[in-house]
file structure_7.txt (compact mmCIF, C-alpha atoms)
# COMPACT_ATOMS: atom_id res chain seq x y z
CA MET A 1 -21.51 10.50 -6.77
CA ILE A 2 -19.05 8.10 -8.35
CA GLN A 3 -19.76 4.42 -7.77
CA ASN A 4 -17.32 2.33 -5.80
CA LYS A 5 -16.39 0.12 -8.75
CA ASP A 6 -15.56 3.18 -10.87
CA LEU A 7 -13.52 4.74 -8.09
CA ILE A 8 -11.54 1.50 -7.80
CA GLN A 9 -10.90 1.58 -11.56
CA TYR A 10 -9.80 5.19 -11.28
CA ILE A 11 -7.34 4.33 -8.51
CA LEU A 12 -5.98 1.37 -10.48
CA GLY A 13 -5.29 3.65 -13.44
CA ILE A 14 -3.15 5.88 -11.25
CA SER A 15 -1.37 3.10 -9.41
CA ASP A 16 -0.67 1.04 -12.55
CA ASN A 17 1.37 3.92 -13.95
CA ALA A 18 3.52 3.96 -10.83
CA MET A 19 3.69 0.17 -10.58
CA ILE A 20 4.66 -0.64 -14.18
CA LEU A 21 7.24 2.16 -14.31
CA GLY A 22 8.53 0.93 -10.94
CA GLN A 23 8.86 -2.56 -12.41
CA ARG A 24 10.74 -1.26 -15.47
CA LEU A 25 13.16 0.62 -13.20
CA GLY A 26 13.50 -2.43 -10.97
CA GLU A 27 14.79 -4.37 -13.99
CA LEU A 28 17.78 -2.04 -13.91
CA CYS A 29 18.84 -3.03 -10.40
CA GLY A 30 22.49 -3.97 -10.74
CA HIS A 31 22.53 -2.83 -14.40
CA GLY A 32 22.75 0.96 -14.06
CA PRO A 33 25.55 2.68 -16.01
CA ASN A 34 27.31 3.49 -12.72
CA LEU A 35 26.70 2.87 -9.05
CA GLU A 36 25.12 6.25 -8.23
CA THR A 37 22.69 6.08 -11.14
CA ASP A 38 21.85 2.47 -10.38
CA ILE A 39 20.98 3.42 -6.80
CA ALA A 40 19.02 6.48 -7.92
CA LEU A 41 16.89 4.53 -10.40
CA THR A 42 16.09 1.79 -7.90
CA ASN A 43 15.32 4.39 -5.22
CA ILE A 44 12.84 5.98 -7.60
CA SER A 45 11.41 2.52 -8.24
CA LEU A 46 11.04 2.05 -4.50
CA ASP A 47 9.19 5.36 -4.15
CA LEU A 48 6.85 4.34 -6.97
CA PHE A 49 6.14 0.95 -5.38
CA GLY A 50 5.54 2.63 -2.03
CA GLN A 51 2.98 4.90 -3.67
CA THR A 52 1.48 1.89 -5.46
CA ARG A 53 1.01 0.12 -2.13
CA SER A 54 -0.85 3.09 -0.67
CA TYR A 55 -3.19 3.20 -3.68
CA LEU A 56 -3.75 -0.56 -3.80
CA GLN A 57 -4.36 -0.87 -0.06
CA TYR A 58 -7.02 1.80 -0.46
CA ALA A 59 -8.51 0.09 -3.55
CA ALA A 60 -8.59 -3.25 -1.71
CA LYS A 61 -10.36 -1.61 1.22
CA LEU A 62 -12.97 -0.11 -1.11
CA LYS A 63 -13.44 -3.45 -2.85
CA ASP A 64 -14.23 -4.98 0.53
CA ASP A 65 -14.38 -8.61 -0.66
CA GLY A 66 -11.27 -9.89 1.07
CA SER A 67 -8.97 -8.83 -1.79
CA THR A 68 -5.52 -7.68 -0.74
CA GLU A 69 -3.07 -5.24 -2.28
CA ASP A 70 -1.17 -8.26 -3.63
CA ASP A 71 -4.25 -9.65 -5.41
CA MET A 72 -4.78 -6.28 -7.04
CA ALA A 73 -1.13 -6.05 -8.08
CA TYR A 74 -0.48 -9.57 -9.29
CA LEU A 75 -3.70 -11.31 -10.27
CA ARG A 76 -5.17 -9.25 -13.05
CA LYS A 77 -5.07 -10.03 -16.76
CA GLU A 78 -3.19 -7.85 -19.19
CA HIS A 79 -6.24 -5.88 -20.40
CA GLU A 80 -7.17 -5.12 -16.79
CA TYR A 81 -4.02 -3.04 -16.27
CA LYS A 82 -4.76 0.58 -17.13
CA ASN A 83 -1.33 2.21 -17.21
CA VAL A 84 -0.40 4.55 -20.07
CA LEU A 85 1.74 3.05 -22.83
CA LEU A 86 4.77 5.24 -22.07
CA VAL A 87 5.62 3.55 -18.76
CA GLU A 88 5.79 0.06 -20.27
CA GLN A 89 8.31 1.02 -22.97
CA PRO A 90 11.59 -0.89 -22.64
CA ASN A 91 14.95 0.08 -21.14
CA THR A 92 16.50 0.26 -24.61
CA ASP A 93 19.46 2.28 -23.38
CA PHE A 94 20.16 4.86 -20.66
CA ALA A 95 18.83 7.69 -22.86
CA TYR A 96 15.47 5.90 -23.19
CA VAL A 97 15.35 5.28 -19.43
CA ILE A 98 15.95 8.97 -18.72
CA VAL A 99 13.56 10.31 -21.36
CA ARG A 100 10.76 7.93 -20.31
CA GLN A 101 11.33 9.01 -16.72
CA PHE A 102 11.44 12.72 -17.49
CA LEU A 103 8.35 12.68 -19.72
CA PHE A 104 6.47 10.83 -16.98
CA ASP A 105 7.86 12.75 -13.97
CA VAL A 106 6.76 16.16 -15.27
CA TYR A 107 3.24 14.82 -15.88
CA HIS A 108 3.23 12.92 -12.57
CA LEU A 109 4.03 16.02 -10.53
CA LEU A 110 1.38 18.15 -12.28
CA PHE A 111 -1.14 15.33 -11.85
CA LEU A 112 -0.40 14.82 -8.14
CA GLU A 113 -0.60 18.55 -7.44
CA GLN A 114 -4.18 18.44 -8.72
CA LEU A 115 -4.98 15.13 -7.02
CA SER A 116 -3.90 16.58 -3.68
CA GLU A 117 -6.97 18.85 -4.03
CA SER A 118 -9.27 15.83 -4.46
CA LYS A 119 -12.45 15.63 -2.41
CA ASP A 120 -11.45 12.05 -1.61
CA GLN A 121 -9.36 12.43 1.53
CA GLN A 122 -7.29 9.30 1.12
CA LEU A 123 -6.35 10.09 -2.49
CA SER A 124 -5.51 13.61 -1.43
CA ALA A 125 -3.27 12.29 1.39
CA ILE A 126 -1.46 9.84 -0.89
CA ALA A 127 -0.92 12.59 -3.48
CA THR A 128 0.39 15.06 -0.89
CA LYS A 129 2.83 12.44 0.37
CA SER A 130 3.92 11.44 -3.15
CA ILE A 131 4.54 15.01 -4.35
CA LYS A 132 7.48 15.29 -1.94
CA GLU A 133 9.09 12.24 -3.52
CA VAL A 134 8.27 13.04 -7.13
CA LYS A 135 9.90 16.48 -6.83
CA TYR A 136 13.19 14.63 -6.42
CA HIS A 137 12.42 12.39 -9.40
CA VAL A 138 11.85 15.38 -11.72
CA ARG A 139 15.06 16.95 -10.53
CA PHE A 140 17.02 13.76 -11.21
CA SER A 141 15.60 13.01 -14.66
CA GLY A 142 15.60 16.67 -15.75
CA ASP A 143 19.22 17.00 -14.72
CA TRP A 144 20.20 14.00 -16.83
CA VAL A 145 18.23 15.20 -19.87
CA LYS A 146 20.31 18.38 -19.73
CA ARG A 147 23.58 16.54 -19.24
CA LEU A 148 23.00 14.13 -22.11
CA GLY A 149 21.41 16.68 -24.44
CA ASP A 150 24.08 19.30 -23.89
CA GLY A 151 26.84 16.72 -23.50
CA THR A 152 28.81 15.06 -26.28
CA LYS A 153 27.64 14.64 -29.87
CA GLU A 154 27.01 10.96 -29.17
CA SER A 155 24.95 11.56 -26.02
CA HIS A 156 23.00 14.33 -27.77
CA ASN A 157 22.12 12.13 -30.73
CA ARG A 158 21.09 9.22 -28.57
CA ILE A 159 18.85 11.18 -26.25
CA GLN A 160 17.29 12.98 -29.23
CA ALA A 161 16.56 9.55 -30.74
CA ALA A 162 14.88 8.48 -27.50
CA ILE A 163 12.73 11.64 -27.48
CA ASP A 164 11.68 11.02 -31.09
CA ILE A 165 10.53 7.50 -30.20
CA LEU A 166 8.92 8.21 -26.80
CA TYR A 167 7.32 11.62 -27.29
CA PRO A 168 4.40 10.13 -29.32
CA TYR A 169 3.26 8.34 -26.15
CA THR A 170 2.80 11.52 -24.12
CA ASN A 171 -0.53 12.73 -25.47
CA GLU A 172 -2.27 9.77 -23.84
CA PHE A 173 -1.78 11.45 -20.45
CA PHE A 174 -4.26 14.12 -21.47
CA GLU A 175 -6.91 11.93 -23.15
CA ALA A 176 -9.46 11.42 -20.38
CA SER A 177 -10.90 7.90 -20.20
CA GLU A 178 -14.55 7.30 -19.27
CA VAL A 179 -13.62 6.54 -15.68
CA GLU A 180 -11.41 9.61 -15.47
CA LYS A 181 -14.33 11.73 -16.66
CA LEU A 182 -16.55 10.20 -13.97
CA ALA A 183 -13.98 10.84 -11.26
CA MET A 184 -13.47 14.35 -12.52
CA SER A 185 -17.16 15.22 -12.53
CA SER A 186 -17.48 14.12 -8.91
CA GLU A 187 -14.49 16.32 -7.98
CA ILE A 188 -12.43 13.32 -6.97
CA GLY A 189 -10.37 12.99 -10.10
CA VAL A 190 -8.01 15.27 -12.00
CA ASN A 191 -8.96 17.08 -15.19
CA VAL A 192 -6.08 15.68 -17.21
CA GLN A 193 -6.86 17.73 -20.31
CA ASP A 194 -6.12 20.87 -18.34
CA LEU A 195 -2.57 19.73 -17.58
CA LYS A 196 -1.45 19.68 -21.20
CA THR A 197 -0.52 23.35 -21.70
CA GLU A 198 1.59 23.50 -18.55
CA TYR A 199 3.17 20.13 -19.34
CA LEU A 200 4.25 21.17 -22.82
CA LYS A 201 5.57 24.45 -21.48
CA LEU A 202 7.71 22.77 -18.79
CA VAL A 203 9.01 20.03 -21.06
CA THR A 204 9.79 22.44 -23.92
CA GLN A 205 11.64 24.75 -21.55
CA LEU A 206 13.95 22.02 -20.36
CA LEU A 207 14.46 20.48 -23.80
CA THR A 208 15.45 23.87 -25.17
CA GLU A 209 17.94 24.28 -22.35
CA ALA A 210 19.27 20.82 -23.21
CA THR A 211 19.57 21.76 -26.92
CA LEU A 212 16.94 19.15 -27.80
CA THR A 213 13.71 19.35 -29.78
CA PHE A 214 10.39 17.57 -30.16
CA PRO A 215 9.91 15.59 -33.37
CA GLU A 216 7.99 17.60 -35.94
CA GLN A 217 5.58 15.11 -37.43
CA VAL A 218 3.98 13.09 -34.67
CA TYR A 219 1.39 10.35 -34.78
CA PHE A 220 0.34 10.05 -31.15
CA LEU A 221 -0.21 6.59 -29.70
CA SER A 222 -2.61 5.61 -26.96
CA GLY A 223 -4.72 2.72 -25.66
CA GLY A 224 -3.19 1.82 -22.32
CA LYS A 225 -5.97 3.50 -20.36
CA GLN A 226 -8.41 1.17 -22.15
CA GLY A 227 -6.22 -1.86 -21.41
CA LYS A 228 -4.88 -2.10 -24.98
CA HIS A 229 -1.16 -2.40 -24.46
CA THR A 230 1.99 -2.61 -26.55
CA GLU A 231 3.62 -6.00 -27.00
CA TYR A 232 6.00 -5.29 -24.12
CA MET A 233 3.27 -5.50 -21.49
CA GLY A 234 2.85 -9.28 -21.69
CA PHE A 235 6.55 -9.80 -21.08
CA ILE A 236 6.54 -7.40 -18.13
CA LEU A 237 3.63 -9.25 -16.56
CA ALA A 238 5.16 -12.66 -17.21
CA ASP A 239 8.08 -11.54 -15.10
CA PHE A 240 6.07 -9.53 -12.56
CA GLN A 241 3.40 -12.16 -11.91
CA TYR A 242 5.65 -15.21 -12.09
CA MET A 243 5.83 -15.96 -8.36
CA GLN A 244 2.11 -15.53 -7.66
CA ARG A 245 1.10 -17.55 -10.72
CA THR A 246 3.55 -20.33 -9.97
CA TYR A 247 2.99 -20.49 -6.23
CA PRO A 248 -0.55 -19.15 -5.70
CA ASN A 249 -1.09 -17.26 -2.43
CA MET A 250 2.58 -17.29 -1.56
CA SER A 251 3.73 -14.48 0.70
CA TRP A 252 7.07 -13.27 2.00
CA MET B 1 7.47 23.64 13.12
CA THR B 2 3.80 23.49 12.30
CA ALA B 3 0.91 23.14 14.74
CA THR B 4 0.31 19.57 13.61
CA SER B 5 3.85 18.55 14.50
CA ALA B 6 3.31 17.78 18.18
CA PRO B 7 2.40 14.12 18.50
CA ASN B 8 -0.05 12.85 21.09
CA ILE B 9 2.03 10.41 23.11
CA ASP B 10 1.13 9.13 26.59
CA THR B 11 4.12 10.02 28.78
CA ASN B 12 4.16 6.60 30.45
CA LEU B 13 4.70 4.98 27.01
CA LEU B 14 7.60 7.20 26.02
CA ALA B 15 10.30 5.08 27.69
CA ILE B 16 9.19 1.96 25.80
CA LEU B 17 8.83 3.81 22.48
CA GLU B 18 12.34 5.14 22.90
CA THR B 19 13.75 1.62 22.93
CA VAL B 20 12.71 1.25 19.29
CA SER B 21 14.99 2.80 16.70
CA ASP B 22 15.09 3.23 12.96
CA PRO B 23 16.80 0.08 11.60
CA GLU B 24 18.68 2.17 9.01
CA ILE B 25 19.81 4.81 11.55
CA PRO B 26 20.11 2.86 14.82
CA VAL B 27 21.03 5.94 16.88
CA LEU B 28 17.72 7.57 16.08
CA THR B 29 14.67 6.46 18.07
CA VAL B 30 11.28 6.41 16.39
CA VAL B 31 10.24 9.25 18.70
CA ASP B 32 13.16 11.45 17.61
CA LEU B 33 12.51 10.53 13.98
CA GLY B 34 8.98 11.89 14.41
CA VAL B 35 7.17 8.91 12.87
CA ILE B 36 5.05 8.19 15.95
CA ARG B 37 2.08 10.53 15.59
CA SER B 38 0.17 9.19 18.56
CA ALA B 39 0.48 6.48 21.19
CA VAL B 40 -2.39 6.01 23.59
CA GLN B 41 -2.98 3.21 26.06
CA LYS B 42 -6.49 1.88 26.64
CA GLU B 43 -6.47 -0.90 29.23
CA GLU B 44 -3.98 -3.53 28.00
CA THR B 45 -3.76 -2.24 24.43
CA VAL B 46 -1.57 0.50 23.02
CA PHE B 47 -2.95 2.29 19.97
CA ILE B 48 -0.20 3.70 17.80
CA GLU B 49 -0.43 5.92 14.75
CA LEU B 50 2.68 5.55 12.63
CA THR B 51 3.50 7.66 9.57
CA PRO B 52 6.02 6.63 6.91
CA THR B 53 9.01 8.81 6.06
CA TYR B 54 9.01 7.82 2.38
CA SER B 55 6.12 5.85 0.83
CA GLY B 56 8.32 2.90 -0.07
CA CYS B 57 10.46 2.91 3.05
CA PRO B 58 11.02 -0.75 3.96
CA ALA B 59 11.96 0.31 7.50
CA MET B 60 8.29 0.89 8.30
CA ASP B 61 7.45 -2.83 8.41
CA VAL B 62 10.47 -3.46 10.65
CA ILE B 63 9.52 -0.56 12.93
CA SER B 64 5.96 -1.92 13.25
CA ASP B 65 7.28 -5.34 14.21
CA ASP B 66 9.78 -3.85 16.67
CA LEU B 67 7.08 -1.74 18.33
CA THR B 68 4.82 -4.75 18.71
CA ALA B 69 7.67 -6.76 20.24
CA ALA B 70 8.72 -3.95 22.60
CA PHE B 71 5.23 -3.59 24.05
CA LYS B 72 4.65 -7.32 24.13
CA ALA B 73 7.69 -7.63 26.39
CA GLN B 74 5.82 -5.33 28.81
CA GLY B 75 2.67 -7.44 28.55
CA LEU B 76 0.87 -4.96 26.31
CA GLU B 77 -0.93 -5.57 23.04
CA THR B 78 -0.49 -3.09 20.17
CA LYS B 79 -2.72 -1.87 17.40
CA ILE B 80 -0.70 0.04 14.83
CA GLU B 81 -2.28 2.14 12.14
CA LEU B 82 -0.29 3.57 9.26
CA ILE B 83 -1.45 7.12 8.55
CA LEU B 84 -0.46 9.34 5.62
CA ASP B 85 -2.10 12.63 6.58
CA PRO B 86 -0.48 14.91 7.58
CA ALA B 87 2.55 13.74 5.63
CA TRP B 88 5.82 13.31 7.48
CA ASN B 89 8.45 16.00 6.98
CA THR B 90 12.01 16.43 8.15
CA ASP B 91 11.01 19.24 10.57
CA TRP B 92 9.61 16.48 12.77
CA ILE B 93 13.08 15.12 13.48
CA SER B 94 13.95 16.37 16.97
CA GLU B 95 16.98 18.51 17.81
CA LYS B 96 18.40 15.59 19.78
CA GLY B 97 17.82 13.37 16.76
CA ARG B 98 19.67 15.80 14.48
CA ASP B 99 22.69 15.87 16.79
CA GLN B 100 22.69 12.08 16.96
CA MET B 101 22.54 11.77 13.19
CA GLN B 102 25.46 14.15 12.78
CA ALA B 103 27.51 12.18 15.30
CA TYR B 104 26.58 8.93 13.54
CA GLY B 105 27.90 10.23 10.21
CA ILE B 106 24.72 11.42 8.52
CA ALA B 107 24.44 15.17 7.96
CA PRO B 108 20.97 16.32 9.11
CA PRO B 109 18.64 18.09 6.64
CA LEU B 110 19.07 21.80 5.89
CA ASP B 111 16.07 24.07 5.33
CA GLU B 112 14.18 23.70 2.04
CA THR B 113 15.85 26.54 0.11
CA SER B 114 19.37 25.54 1.11
CA ASP B 115 18.54 21.90 0.41
CA LYS B 116 17.59 22.71 -3.18
CA GLN B 117 20.78 24.73 -3.63
CA VAL B 118 23.07 21.96 -2.42
CA LEU B 119 21.28 19.23 -4.37
CA LEU B 120 21.57 21.22 -7.58
CA GLY B 121 25.25 21.66 -6.84
CA ASN B 122 24.87 25.46 -6.67
CA ALA B 123 26.04 25.93 -3.09
CA ARG B 124 28.21 24.27 -0.49
CA MET B 125 26.49 24.27 2.87
CA VAL B 126 26.27 20.70 4.10
CA GLY B 127 28.69 20.19 6.98
CA CYS B 128 31.07 17.23 6.70
CA THR B 129 30.28 14.75 9.46
CA ASN B 130 33.97 13.93 9.79
CA CYS B 131 35.75 17.31 9.88
CA GLY B 132 32.90 19.86 9.95
CA SER B 133 33.99 21.64 6.76
CA THR B 134 31.22 22.93 4.52
CA ASN B 135 33.45 22.58 1.47
CA THR B 136 31.40 19.55 0.48
CA GLN B 137 30.06 18.37 -2.83
CA LEU B 138 27.09 16.33 -3.99
CA VAL B 139 28.04 12.95 -5.43
CA SER B 140 24.54 11.58 -5.97
CA GLN B 141 21.02 12.86 -5.21
CA PHE B 142 20.12 9.37 -4.07
CA GLY B 143 22.21 7.62 -1.44
CA SER B 144 22.11 4.36 0.47
CA THR B 145 18.39 4.81 1.21
CA ALA B 146 15.64 6.86 -0.44
CA CYS B 147 15.86 9.55 2.26
CA LYS B 148 19.55 10.26 1.81
CA ALA B 149 21.89 11.84 -0.75
CA LEU B 150 25.57 11.03 -1.08
CA PHE B 151 28.16 13.77 -0.44
CA LYS B 152 31.92 14.00 -0.25
CA CYS B 153 34.10 16.42 1.66
CA GLU B 154 36.64 18.29 -0.48
CA ASP B 155 38.83 18.98 2.57
CA CYS B 156 39.15 15.66 4.39
CA LEU B 157 37.96 13.68 1.31
CA GLU B 158 35.57 11.60 3.40
CA PRO B 159 32.29 10.49 1.75
CA PHE B 160 29.14 10.77 3.86
CA ASP B 161 25.34 10.66 3.73
CA TYR B 162 23.10 13.71 3.85
CA PHE B 163 19.51 13.32 5.02
CA LYS B 164 17.47 15.19 2.41
CA CYS B 165 14.97 17.86 3.40
CA LEU B 166 11.40 16.67 2.87
CA ARG B 167 8.65 19.26 3.27
call {"tool": "encode", "arguments": {"input": "structure_7.txt", "output": "structure tokens"}}
result
Amino acid sequence: MIQNKDLIQYILGISDNAMILGQRLGELCGHGPNLETDIALTNISLDLFGQTRSYLQYAAKLKDDGSTEDDMAYLRKEHEYKNVLLVEQPNTDFAYVIVRQFLFDVYHLLFLEQLSESKDQQLSAIATKSIKEVKYHVRFSGDWVKRLGDGTKESHNRIQAAIDILYPYTNEFFEASEVEKLAMSSEIGVNVQDLKTEYLKLVTQLLTEATLTFPEQVYFLSGGKQGKHTEYMGFILADFQYMQRTYPNMSW
Amino acid sequence: MTATSAPNIDTNLLAILETVSDPEIPVLTVVDLGVIRSAVQKEETVFIELTPTYSGCPAMDVISDDLTAAFKAQGLETKIELILDPAWNTDWISEKGRDQMQAYGIAPPLDETSDKQVLLGNARMVGCTNCGSTNTQLVSQFGSTACKALFKCEDCLEPFDYFKCLR
């Protein structure tokens, strides 16, 4: 049996991915390249925050010390956030936004499909609910990868550049952390290593269709699951936590 | 329709529940939307199980508040629980609800296979809410809310929302 504190850590790892990516997409509100895309990206952000709330409400309930979902979201220190490095990478340009989204969405859907089989009923319910939403996310980001990759010379070059920079962050998905191993052995968590083959197959398929390729020589980067983040994380949190840090215990 | 789709609602509560509507689609009551999974009265308290359409749907908080207010007006307390399992799907929207959506200007969801076809732009099947033509085209997979996509009619040129299939 997994201990409560480890289960909470496991849940935070999942929800931090959704939350930090949701925050990155939220930054684009009013800044999308056109109205439809702006609305799509913020809708995806909303889905991710909705999922985050379900996870954090559950984590707060397990913690059972009066903590709320807001405490869990806003009042941790940087090293206590366990999201993968990919989701905190910046909105450099639209190609980066789409590639980051696509590389995450494909993993997210595979991950949730496994999580929906979890022995933990609440995690299984959240995953089942989220799958329906994430299917739309994959469709959106995959569609844009194709459009940009197989578009003009300029769009092709820019999205290829984004893939070259962001692809090195993808292997972290499949490197199981200690807490993921614990959750996995108690049949609550997902065996992330097992997702890799299918992930690479799906991503390669679409990239080929989009006339794009993976970089050849790759030095994979990781650390987010251990709380060791890239320099961007501090800036995200400064923005994200501002209200709660400035006006403690404020609520809407 | 699946076996789990029939909600457990006390018939004497139905009239009050039907006064509460989705804030984003005011013609659609929460009963027709299928988000009330159970409503049972025990003495002076009504126990309601509510399920969200989309995880992040901000309408859920408003619906909870509206339900509480509606029952309070009748002198009843409410205890609302948000449940995720089984997950809401668009099959739970009633026939009446679908007709009302169409009349309101939101095309109701097609079945899953057709939905995928229209959202990939491979087929034209969504009926225009203005003229009824199915010569309609996807403008954006995401519309004014997370549950809707944006379409336009190629015949009468009117833009309209399409409520996406969620299964």
call {"tool": "atom_distance", "arguments": {"input": "structure_7.txt", "atom1": "CA of Ala210 in chain A", "atom2": "CA of Ile159 in chain A"}}
result
10.1 Å
call {"tool": "residues_around", "arguments": {"input": "structure_7.txt", "residues": "Ser55 in chain B", "least_positions_apart": "3", "cutoff": "8 Å", "atoms": "only C-alpha atoms", "output": "ChimeraX atom specification"}}
result
/A:47-51,54,129-130 /B:52
call {"tool": "write_last_selection", "arguments": {"input": "structure_7.txt", "atoms": "C-alpha atoms", "output": "PDB file, in the frame of the given file"}}
result
ATOM      1  CA  ASP A  47       9.190   5.360  -4.150  1.00  0.00           C
ATOM      2  CA  LEU A  48       6.850   4.340  -6.970  1.00  0.00           C
ATOM      3  CA  PHE A  49       6.140   0.950  -5.380  1.00  0.00           C
ATOM      4  CA  GLY A  50       5.540   2.630  -2.030  1.00  0.00           C
ATOM      5  CA  GLN A  51       2.980   4.900  -3.670  1.00  0.00           C
ATOM      6  CA  SER A  54      -0.850   3.090  -0.670  1.00  0.00           C
ATOM      7  CA  LYS A 129       2.830  12.440   0.370  1.00  0.00           C
ATOM      8  CA  SER A 130       3.920  11.440  -3.150  1.00  0.00           C
TER       9      SER A 130
ATOM     10  CA  PRO B  52       6.020   6.630   6.910  1.00  0.00           C
TER      11      PRO B  52
END
call {"tool": "interface_residues", "arguments": {"input": "structure_7.txt", "of": "chain A", "to": "chain B", "cutoff": "12 Å", "atoms": "all atoms listed in the file", "output": "PyMOL selection string"}}
result
chain A and resi 18-19+22+34-55+57-58+116+121-144
call {"tool": "atom_distance", "arguments": {"input": "structure_7.txt", "atom1": "CA of Ala73 in chain B", "atom2": "CA of Leu28 in chain B"}}
result
20.9 Å
call {"tool": "closest_residue", "arguments": {"input": "structure_7.txt", "among": "A:Asp150, A:Glu69, A:Glu216, A:Asp105", "to": "Phe173 in chain A", "atoms": "all atoms listed in the file"}}
result
A:Asp105
call {"tool": "residues_around", "arguments": {"input": "structure_7.txt", "residues": "Pro215 in chain A", "least_positions_apart": "5", "cutoff": "8 Å", "atoms": "only C-alpha atoms", "output": "list in words"}}
result
Ile163, Asp164 and Tyr167 of chain A
call {"tool": "closest_residue", "arguments": {"input": "structure_7.txt", "among": "A:Ile236, A:Val106, A:Leu12, A:Ala162", "to": "Phe94 in chain A", "atoms": "only C-alpha atoms"}}
result
A:Ala162
call {"tool": "residues_around", "arguments": {"input": "structure_7.txt", "residues": "Ile36 in chain B", "least_positions_apart": "6", "cutoff": "8 Å", "atoms": "only C-alpha atoms", "output": "PyMOL selection string"}}
result
chain B and resi 7+30+48-51
call {"tool": "write_last_selection", "arguments": {"input": "structure_7.txt", "atoms": "C-alpha atoms", "output": "short mmCIF file (atom, residue, chain, number, x, y, z; two decimals), in the coordinates of the input"}}
result
data_model
loop_
_atom_site.label_atom_id
_atom_site.label_comp_id
_atom_site.auth_asym_id
_atom_site.auth_seq_id
_atom_site.Cartn_x
_atom_site.Cartn_y
_atom_site.Cartn_z
CA PRO B 7 2.40 14.12 18.50
CA VAL B 30 11.28 6.41 16.39
CA ILE B 48 -0.20 3.70 17.80
CA GLU B 49 -0.43 5.92 14.75
CA LEU B 50 2.68 5.55 12.63
CA THR B 51 3.50 7.66 9.57
#
call {"tool": "residues_around", "arguments": {"input": "structure_7.txt", "residues": "Thr11 in chain B", "least_positions_apart": "2", "cutoff": "12 Å", "atoms": "all atoms listed in the file", "output": "PyMOL selection string"}}
result
chain B and resi 7-9+13-18+31+38-41
call {"tool": "write_last_selection", "arguments": {"input": "structure_7.txt", "atoms": "C-alpha atoms", "output": "compact mmCIF listing (two decimals), in the frame of the given file"}}
result
# COMPACT_ATOMS: atom_id res chain seq x y z
CA PRO B 7 2.40 14.12 18.50
CA ASN B 8 -0.05 12.85 21.09
CA ILE B 9 2.03 10.41 23.11
CA LEU B 13 4.70 4.98 27.01
CA LEU B 14 7.60 7.20 26.02
CA ALA B 15 10.30 5.08 27.69
CA ILE B 16 9.19 1.96 25.80
CA LEU B 17 8.83 3.81 22.48
CA GLU B 18 12.34 5.14 22.90
CA VAL B 31 10.24 9.25 18.70
CA SER B 38 0.17 9.19 18.56
CA ALA B 39 0.48 6.48 21.19
CA VAL B 40 -2.39 6.01 23.59
CA GLN B 41 -2.98 3.21 26.06
call {"tool": "atom_distance", "arguments": {"input": "structure_7.txt", "atom1": "CA of Lys152 in chain B", "atom2": "CA of Ala59 in chain B"}}
result
25.4 Å
call {"tool": "closest_residue", "arguments": {"input": "structure_7.txt", "among": "A:His156, A:Ala176, A:Ser251, A:Asp239", "to": "Leu212 in chain A", "atoms": "all atoms listed in the file"}}
result
A:His156
call {"tool": "residues_around", "arguments": {"input": "structure_7.txt", "residues": "Val84 in chain A", "least_positions_apart": "2", "cutoff": "8 Å", "atoms": "all atoms listed in the file", "output": "list in words"}}
result
Asn17, Lys82, Leu86, Val87, Glu88, Glu172, Phe173, Ser222, Gly223, Gly224 and Lys225 of chain A
call {"tool": "closest_residue", "arguments": {"input": "structure_7.txt", "among": "A:Val218, A:Val145, A:Gly26, A:Asp120", "to": "Gln205 in chain A", "atoms": "only C-alpha atoms"}}
result
A:Val145
call {"tool": "axis_aligned_box", "arguments": {"input": "structure_7.txt", "around": "range 120-127 of chain A", "padding_each_side": "5 Å", "output": "AutoDock Vina command-line options"}}
result
--center_x -6.2 --center_y 11.5 --center_z -1.0 --size_x 20.5 --size_y 14.3 --size_z 15.0
call {"tool": "closest_residue", "arguments": {"input": "structure_7.txt", "among": "B:Met60, B:Leu76, B:Val20, B:Val118", "to": "Glu43 in chain B", "atoms": "all atoms listed in the file"}}
result
B:Leu76
call {"tool": "closest_residue", "arguments": {"input": "structure_7.txt", "among": "B:Asp10, B:Glu44, B:Glu24, B:Asp61", "to": "Tyr104 in chain B", "atoms": "only C-alpha atoms"}}
result
B:Glu24
call {"tool": "residues_near_point", "arguments": {"input": "structure_7.txt", "point": "(28.7, 24.1, -0.4)", "cutoff": "9 Å", "atoms": "all atoms listed in the file", "output": "MDAnalysis selection string"}}
result
chainID B and resid 117:118 121:127 134:138
call {"tool": "write_last_selection", "arguments": {"input": "structure_7.txt", "atoms": "C-alpha atoms", "output": "tab-separated table (two decimals), keeping the file's coordinate frame"}}
result
chain	number	residue	atom	x	y	z
B	117	GLN	CA	20.78	24.73	-3.63
B	118	VAL	CA	23.07	21.96	-2.42
B	121	GLY	CA	25.25	21.66	-6.84
B	122	ASN	CA	24.87	25.46	-6.67
B	123	ALA	CA	26.04	25.93	-3.09
B	124	ARG	CA	28.21	24.27	-0.49
B	125	MET	CA	26.49	24.27	2.87
B	126	VAL	CA	26.27	20.70	4.10
B	127	GLY	CA	28.69	20.19	6.98
B	134	THR	CA	31.22	22.93	4.52
B	135	ASN	CA	33.45	22.58	1.47
B	136	THR	CA	31.40	19.55	0.48
B	137	GLN	CA	30.06	18.37	-2.83
B	138	LEU	CA	27.09	16.33	-3.99
